[in-house]
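Working notes, beginning with the structure itself.
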Amino acid sequence: MNFLEERIVKDGIVKEGNVLKVDSFLNHQMDVELLDKIGEEFHRRFAGKEVTKVLTIEASGIAIAYATARYFGVPMVFAKKAKSINIDGDMYTAEVESFTHKNKNQVIVSKKFLSSEDKVLIVDDFLANGCALQGLISITEAAGASVAGIGIVIEKGFQYGGRSIRNLGYQLESLAIVESMDAATKTIVFREQMA
Ligand code: 5GP
């Protein structure tokens, strides 16, 4: 098991409805040492790629993008959840359905912060059905920028997001892939990955 899988086994809580709670170290209280290791690991996995910006979505992605951007020495940008009333022509927008809250959010990035020159590394905390990533990919494409890669902290491999994003040809690196989890027995099984 890698450092993240060990932490998930120790402190993650499997909830009904295919939700894994990691709010003691990632989503609410944050272990800054762990976040630093996550940033370092994404930097290692995308070492061969040119990256000019790290892009994520608020709120849980922000700390992950920050830690990652520190290692690449580039800015990070987070897509904001917006009231549609705030949206004008200066923004790239995408509609994202929230897996955990079951509602739809309009997310926006100012045109000032992404350009056609950018090589964007997209990061997020979880990958479930892939809606959040699809939104970030479409914002990147709307800017004429290219996707350098996608880094996910925890992928739920039993949901379809990972497969559909890989089928689109992106380099998707997930630090832990949960193959199955069971709220009744509190067990989590990870997919074997190359170190
Ligand atoms: P997707 O858009 O891929 O369906 O879901 C990804 C988003 O939903 C992530 O940004 C994350 O915030 C949230 N999410 C999805 N599954 C889980 C989960 O099992 N636990 C937590 N804490 N968040 C999740």
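In the structure tokens, each chain is lettered A, B, ... as it comes, each chain's residues begin at 1, and ligands are numbered from 1 in order of appearance.
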
For this session: Identify, counting only C-alpha atoms and all ligand atoms, the protein, DNA and RNA residues located within 8 Å of ligand 1, and give them as a list of chain:residue names.
Result: A:Asn18, A:Val19, A:Leu20, A:Lys21, A:Val22, A:Asp23, A:Asn27, A:Ile57, A:Ala59, A:Ser60, A:Gly61, A:Val96, A:Glu97, A:Ser98, A:Phe99, A:Thr100, A:Asp124, A:Asp125, A:Phe126, A:Leu127, A:Ala128, A:Asn129, A:Gly130, A:Cys131, A:Ala132, A:Leu133, A:Gln134, A:Lys156, A:Gly161

For this session: Apply DSSP to the backbone of this structure and, from range 8-192 of chain A, keep only the residues in alpha helix (DSSP H); write these as a ChimeraX atom specification.
Result: /A:8-11,32-45,61-72,131-142,161-167

Problem set entry | Exercise: Asp36 in chain A partners within 9 Å, only C-alpha atoms, chain neighbours under 2 positions left out, as a list in words |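 Residues near the query, excluding close chain neighbours: Asp31, Val32, Glu33, Leu34, Ile38, Gly39, Glu40, Glu41, Ile64, Ala67, Thr68, Arg70 and Tyr71 of chain A.
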
Exercise. Of the candidates A:Val14, A:Leu4, A:Thr56, A:Glu50, which one gets nearest to Lys37 in chain A if we count only C-alpha atoms?
Worked result: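 Checking each of A:Val14, A:Leu4, A:Thr56, A:Glu50 against Lys37 in chain A, counting only C-alpha atoms, the winner is A:Leu4.
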
Exercise. What lies within 9 Å of Leu175 in chain A using only C-alpha atoms, ignoring chain neighbours under 3 positions off, as a list in words?
Worked result: Asn2, Leu4, Glu5, Ile38, Glu41, Phe42, Gly151, Ile152, Val153, Ile154, Glu155 and Gln193 of chain A

Limited to N, CA and C atoms, could you put the picked residues into a file as a compact mmCIF listing (two decimals), in the first residue's frame?
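Contents of the output file selection.txt:
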# COMPACT_ATOMS: atom_id res chain seq x y z
N ASN A 2 0.49 2.26 -0.75
CA ASN A 2 1.25 3.51 -0.72
C ASN A 2 0.77 4.38 0.46
N LEU A 4 -0.93 7.00 0.77
CA LEU A 4 -2.31 7.47 0.77
C LEU A 4 -3.29 6.33 1.09
N GLU A 5 -3.03 5.19 0.48
CA GLU A 5 -3.89 4.02 0.76
C GLU A 5 -3.83 3.67 2.25
N ILE A 38 1.29 14.61 -1.49
CA ILE A 38 0.43 14.46 -2.67
C ILE A 38 0.96 15.34 -3.81
N GLU A 41 4.08 13.81 -5.19
CA GLU A 41 3.81 12.60 -5.98
C GLU A 41 3.24 12.97 -7.37
N PHE A 42 2.36 13.96 -7.44
CA PHE A 42 1.86 14.39 -8.75
C PHE A 42 3.02 14.96 -9.59
N GLY A 151 -4.65 14.66 -12.40
CA GLY A 151 -4.22 13.99 -11.17
C GLY A 151 -5.37 13.94 -10.18
N ILE A 152 -5.68 12.74 -9.74
CA ILE A 152 -6.79 12.54 -8.79
C ILE A 152 -6.23 11.91 -7.52
N VAL A 153 -6.70 12.37 -6.38
CA VAL A 153 -6.20 11.79 -5.14
C VAL A 153 -6.87 10.42 -4.92
N ILE A 154 -8.20 10.37 -4.97
CA ILE A 154 -8.89 9.09 -4.75
C ILE A 154 -9.90 8.85 -5.88
N GLU A 155 -9.65 7.83 -6.65
CA GLU A 155 -10.60 7.43 -7.70
C GLU A 155 -11.44 6.27 -7.18
N GLN A 193 -1.57 -1.00 -8.35
CA GLN A 193 -0.99 -0.09 -9.33
C GLN A 193 0.53 -0.23 -9.29

Problem set entry | Selection near Ile108 in chain A, 12 Å with only C-alpha atoms, sequence-local residues under 5 positions removed, as a VMD selection string | chain A and resid 55 to 58 77 to 96 113 to 114 135 to 136 138 to 140 142 to 143

For N, CA and C atoms, I'd like the residues from the last selection saved as an mmCIF file, in the first residue's frame.
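Dumped everything to part-v4.cif:
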data_model
loop_
_atom_site.group_PDB
_atom_site.id
_atom_site.type_symbol
_atom_site.label_atom_id
_atom_site.label_comp_id
_atom_site.auth_asym_id
_atom_site.auth_seq_id
_atom_site.Cartn_x
_atom_site.Cartn_y
_atom_site.Cartn_z
ATOM 1 N N LEU A 55 -5.085 23.430 -12.405
ATOM 2 C CA LEU A 55 -6.498 23.844 -12.352
ATOM 3 C C LEU A 55 -7.299 22.858 -11.520
ATOM 4 N N THR A 56 -8.174 23.397 -10.666
ATOM 5 C CA THR A 56 -9.054 22.543 -9.875
ATOM 6 C C THR A 56 -10.406 23.223 -9.716
ATOM 7 N N ILE A 57 -11.228 22.663 -8.824
ATOM 8 C CA ILE A 57 -12.572 23.202 -8.596
ATOM 9 C C ILE A 57 -12.747 23.395 -7.087
ATOM 10 N N GLU A 58 -13.415 24.487 -6.701
ATOM 11 C CA GLU A 58 -13.574 24.704 -5.263
ATOM 12 C C GLU A 58 -14.601 23.721 -4.694
ATOM 13 N N VAL A 77 -5.153 27.749 -10.331
ATOM 14 C CA VAL A 77 -6.415 28.452 -10.549
ATOM 15 C C VAL A 77 -7.525 27.511 -10.115
ATOM 16 N N PHE A 78 -8.521 28.039 -9.410
ATOM 17 C CA PHE A 78 -9.659 27.157 -9.105
ATOM 18 C C PHE A 78 -10.931 27.692 -9.736
ATOM 19 N N ALA A 79 -11.698 26.776 -10.318
ATOM 20 C CA ALA A 79 -13.001 27.137 -10.865
ATOM 21 C C ALA A 79 -13.928 27.425 -9.694
ATOM 22 N N LYS A 80 -14.660 28.543 -9.801
ATOM 23 C CA LYS A 80 -15.562 28.943 -8.720
ATOM 24 C C LYS A 80 -16.978 28.517 -9.034
ATOM 25 N N LYS A 81 -17.675 28.129 -7.983
ATOM 26 C CA LYS A 81 -19.108 27.857 -8.150
ATOM 27 C C LYS A 81 -19.810 29.206 -8.135
ATOM 28 N N ALA A 82 -20.614 29.456 -9.180
ATOM 29 C CA ALA A 82 -21.139 30.816 -9.335
ATOM 30 C C ALA A 82 -22.648 30.829 -9.393
ATOM 31 N N LYS A 83 -23.214 31.895 -8.931
ATOM 32 C CA LYS A 83 -24.624 32.183 -9.209
ATOM 33 C C LYS A 83 -24.672 32.679 -10.659
ATOM 34 N N SER A 84 -25.613 32.186 -11.448
ATOM 35 C CA SER A 84 -25.584 32.524 -12.874
ATOM 36 C C SER A 84 -25.688 34.031 -13.109
ATOM 37 N N ILE A 85 -26.196 34.731 -12.111
ATOM 38 C CA ILE A 85 -26.333 36.184 -12.226
ATOM 39 C C ILE A 85 -24.981 36.897 -12.379
ATOM 40 N N ASN A 86 -23.916 36.224 -11.840
ATOM 41 C CA ASN A 86 -22.578 36.837 -11.884
ATOM 42 C C ASN A 86 -21.861 36.621 -13.203
ATOM 43 N N ILE A 87 -22.429 35.811 -14.079
ATOM 44 C CA ILE A 87 -21.658 35.379 -15.233
ATOM 45 C C ILE A 87 -21.754 36.380 -16.385
ATOM 46 N N ASP A 88 -20.583 36.766 -16.884
ATOM 47 C CA ASP A 88 -20.576 37.636 -18.059
ATOM 48 C C ASP A 88 -19.599 37.071 -19.082
ATOM 49 N N GLY A 89 -19.375 37.794 -20.142
ATOM 50 C CA GLY A 89 -18.545 37.301 -21.241
ATOM 51 C C GLY A 89 -17.075 37.147 -20.897
ATOM 52 N N ASP A 90 -16.683 37.590 -19.725
ATOM 53 C CA ASP A 90 -15.274 37.483 -19.340
ATOM 54 C C ASP A 90 -14.942 36.156 -18.683
ATOM 55 N N MET A 91 -15.917 35.262 -18.667
ATOM 56 C CA MET A 91 -15.732 33.994 -17.944
ATOM 57 C C MET A 91 -15.883 32.792 -18.872
ATOM 58 N N TYR A 92 -15.080 31.753 -18.614
ATOM 59 C CA TYR A 92 -15.380 30.439 -19.175
ATOM 60 C C TYR A 92 -16.304 29.747 -18.185
ATOM 61 N N THR A 93 -17.327 29.078 -18.691
ATOM 62 C CA THR A 93 -18.281 28.448 -17.768
ATOM 63 C C THR A 93 -18.502 26.982 -18.139
ATOM 64 N N ALA A 94 -18.890 26.198 -17.139
ATOM 65 C CA ALA A 94 -19.292 24.808 -17.386
ATOM 66 C C ALA A 94 -20.311 24.437 -16.322
ATOM 67 N N GLU A 95 -21.189 23.509 -16.662
ATOM 68 C CA GLU A 95 -22.167 23.047 -15.675
ATOM 69 C C GLU A 95 -21.685 21.719 -15.101
ATOM 70 N N VAL A 96 -21.658 21.639 -13.782
ATOM 71 C CA VAL A 96 -21.131 20.448 -13.121
ATOM 72 C C VAL A 96 -22.168 19.924 -12.136
ATOM 73 N N PHE A 113 -7.250 34.244 -16.610
ATOM 74 C CA PHE A 113 -6.327 33.306 -15.951
ATOM 75 C C PHE A 113 -6.057 32.018 -16.710
ATOM 76 N N LEU A 114 -6.638 31.879 -17.906
ATOM 77 C CA LEU A 114 -6.316 30.725 -18.761
ATOM 78 C C LEU A 114 -6.217 31.233 -20.186
ATOM 79 N N GLY A 135 -16.181 19.092 -16.611
ATOM 80 C CA GLY A 135 -16.345 20.545 -16.564
ATOM 81 C C GLY A 135 -15.002 21.256 -16.679
ATOM 82 N N LEU A 136 -14.000 20.757 -15.961
ATOM 83 C CA LEU A 136 -12.676 21.399 -15.997
ATOM 84 C C LEU A 136 -12.006 21.213 -17.362
ATOM 85 N N SER A 138 -13.646 20.949 -20.187
ATOM 86 C CA SER A 138 -14.313 21.810 -21.176
ATOM 87 C C SER A 138 -13.913 23.273 -20.998
ATOM 88 N N ILE A 139 -13.669 23.698 -19.765
ATOM 89 C CA ILE A 139 -13.173 25.071 -19.551
ATOM 90 C C ILE A 139 -11.775 25.230 -20.158
ATOM 91 N N THR A 140 -10.914 24.217 -19.972
ATOM 92 C CA THR A 140 -9.554 24.267 -20.533
ATOM 93 C C THR A 140 -9.621 24.364 -22.056
ATOM 94 N N ALA A 142 -12.154 25.423 -23.847
ATOM 95 C CA ALA A 142 -12.751 26.705 -24.265
ATOM 96 C C ALA A 142 -11.696 27.812 -24.309
ATOM 97 N N ALA A 143 -10.683 27.676 -23.456
ATOM 98 C CA ALA A 143 -9.600 28.675 -23.440
ATOM 99 C C ALA A 143 -8.599 28.426 -24.564
#

Exercise. Using only C-alpha atoms, which of the listed residues (A:Lys53, A:Val189, A:Ile137, A:Phe46) sits closest to Ser174 in chain A?
Worked result: A:Phe46

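Here CA of Gly12 in chain A is placed at a distance of 25.1 Å from CA of Ile165 in chain A.
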
Problem set entry | Picked from range 15-59 of chain A by DSSP as strand (DSSP E), as a list in words | Lys15, Val19, Leu20, Lys21, Lys53, Val54, Leu55, Thr56 and Ile57 of chain A

For this session: Could you jot down the CA of Arg163 in chain A to CA of Pro75 in chain A separation for me, Å, one decimal place?
Result: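 According to the coordinates, CA of Arg163 in chain A and CA of Pro75 in chain A are separated by 28.8 Å.
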
Exercise. Ser24 in chain A: which residues within 8 Å, counting only C-alpha atoms, same-chain residues fewer than 5 positions away excluded, as a list of chain:residue names?
Worked result: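 Listed by chain and then number, they are A:Asp11, A:Gly12, A:Gln29, A:Met30.
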
For the residues selected in the previous step, produce a file with N, CA and C atoms as an mmCIF file, in the first residue's frame.
data_model
loop_
_atom_site.group_PDB
_atom_site.id
_atom_site.type_symbol
_atom_site.label_atom_id
_atom_site.label_comp_id
_atom_site.auth_asym_id
_atom_site.auth_seq_id
_atom_site.Cartn_x
_atom_site.Cartn_y
_atom_site.Cartn_z
ATOM 1 N N ASP A 11 -7.960 6.116 8.426
ATOM 2 C CA ASP A 11 -8.862 7.201 8.838
ATOM 3 C C ASP A 11 -10.079 7.425 7.944
ATOM 4 N N GLY A 12 -10.165 6.720 6.834
ATOM 5 C CA GLY A 12 -11.325 6.900 5.949
ATOM 6 C C GLY A 12 -12.541 6.169 6.516
ATOM 7 N N GLN A 29 -10.784 18.883 7.975
ATOM 8 C CA GLN A 29 -9.447 19.065 8.546
ATOM 9 C C GLN A 29 -8.463 18.577 7.488
ATOM 10 N N MET A 30 -7.335 19.280 7.349
ATOM 11 C CA MET A 30 -6.368 18.874 6.325
ATOM 12 C C MET A 30 -5.009 18.602 6.938
#

Exercise. How many Å separate CA of Lys10 in chain A from CA of Lys186 in chain A?
Worked result: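 Going from CA of Lys10 in chain A over to CA of Lys186 in chain A, I get 11.1 Å.
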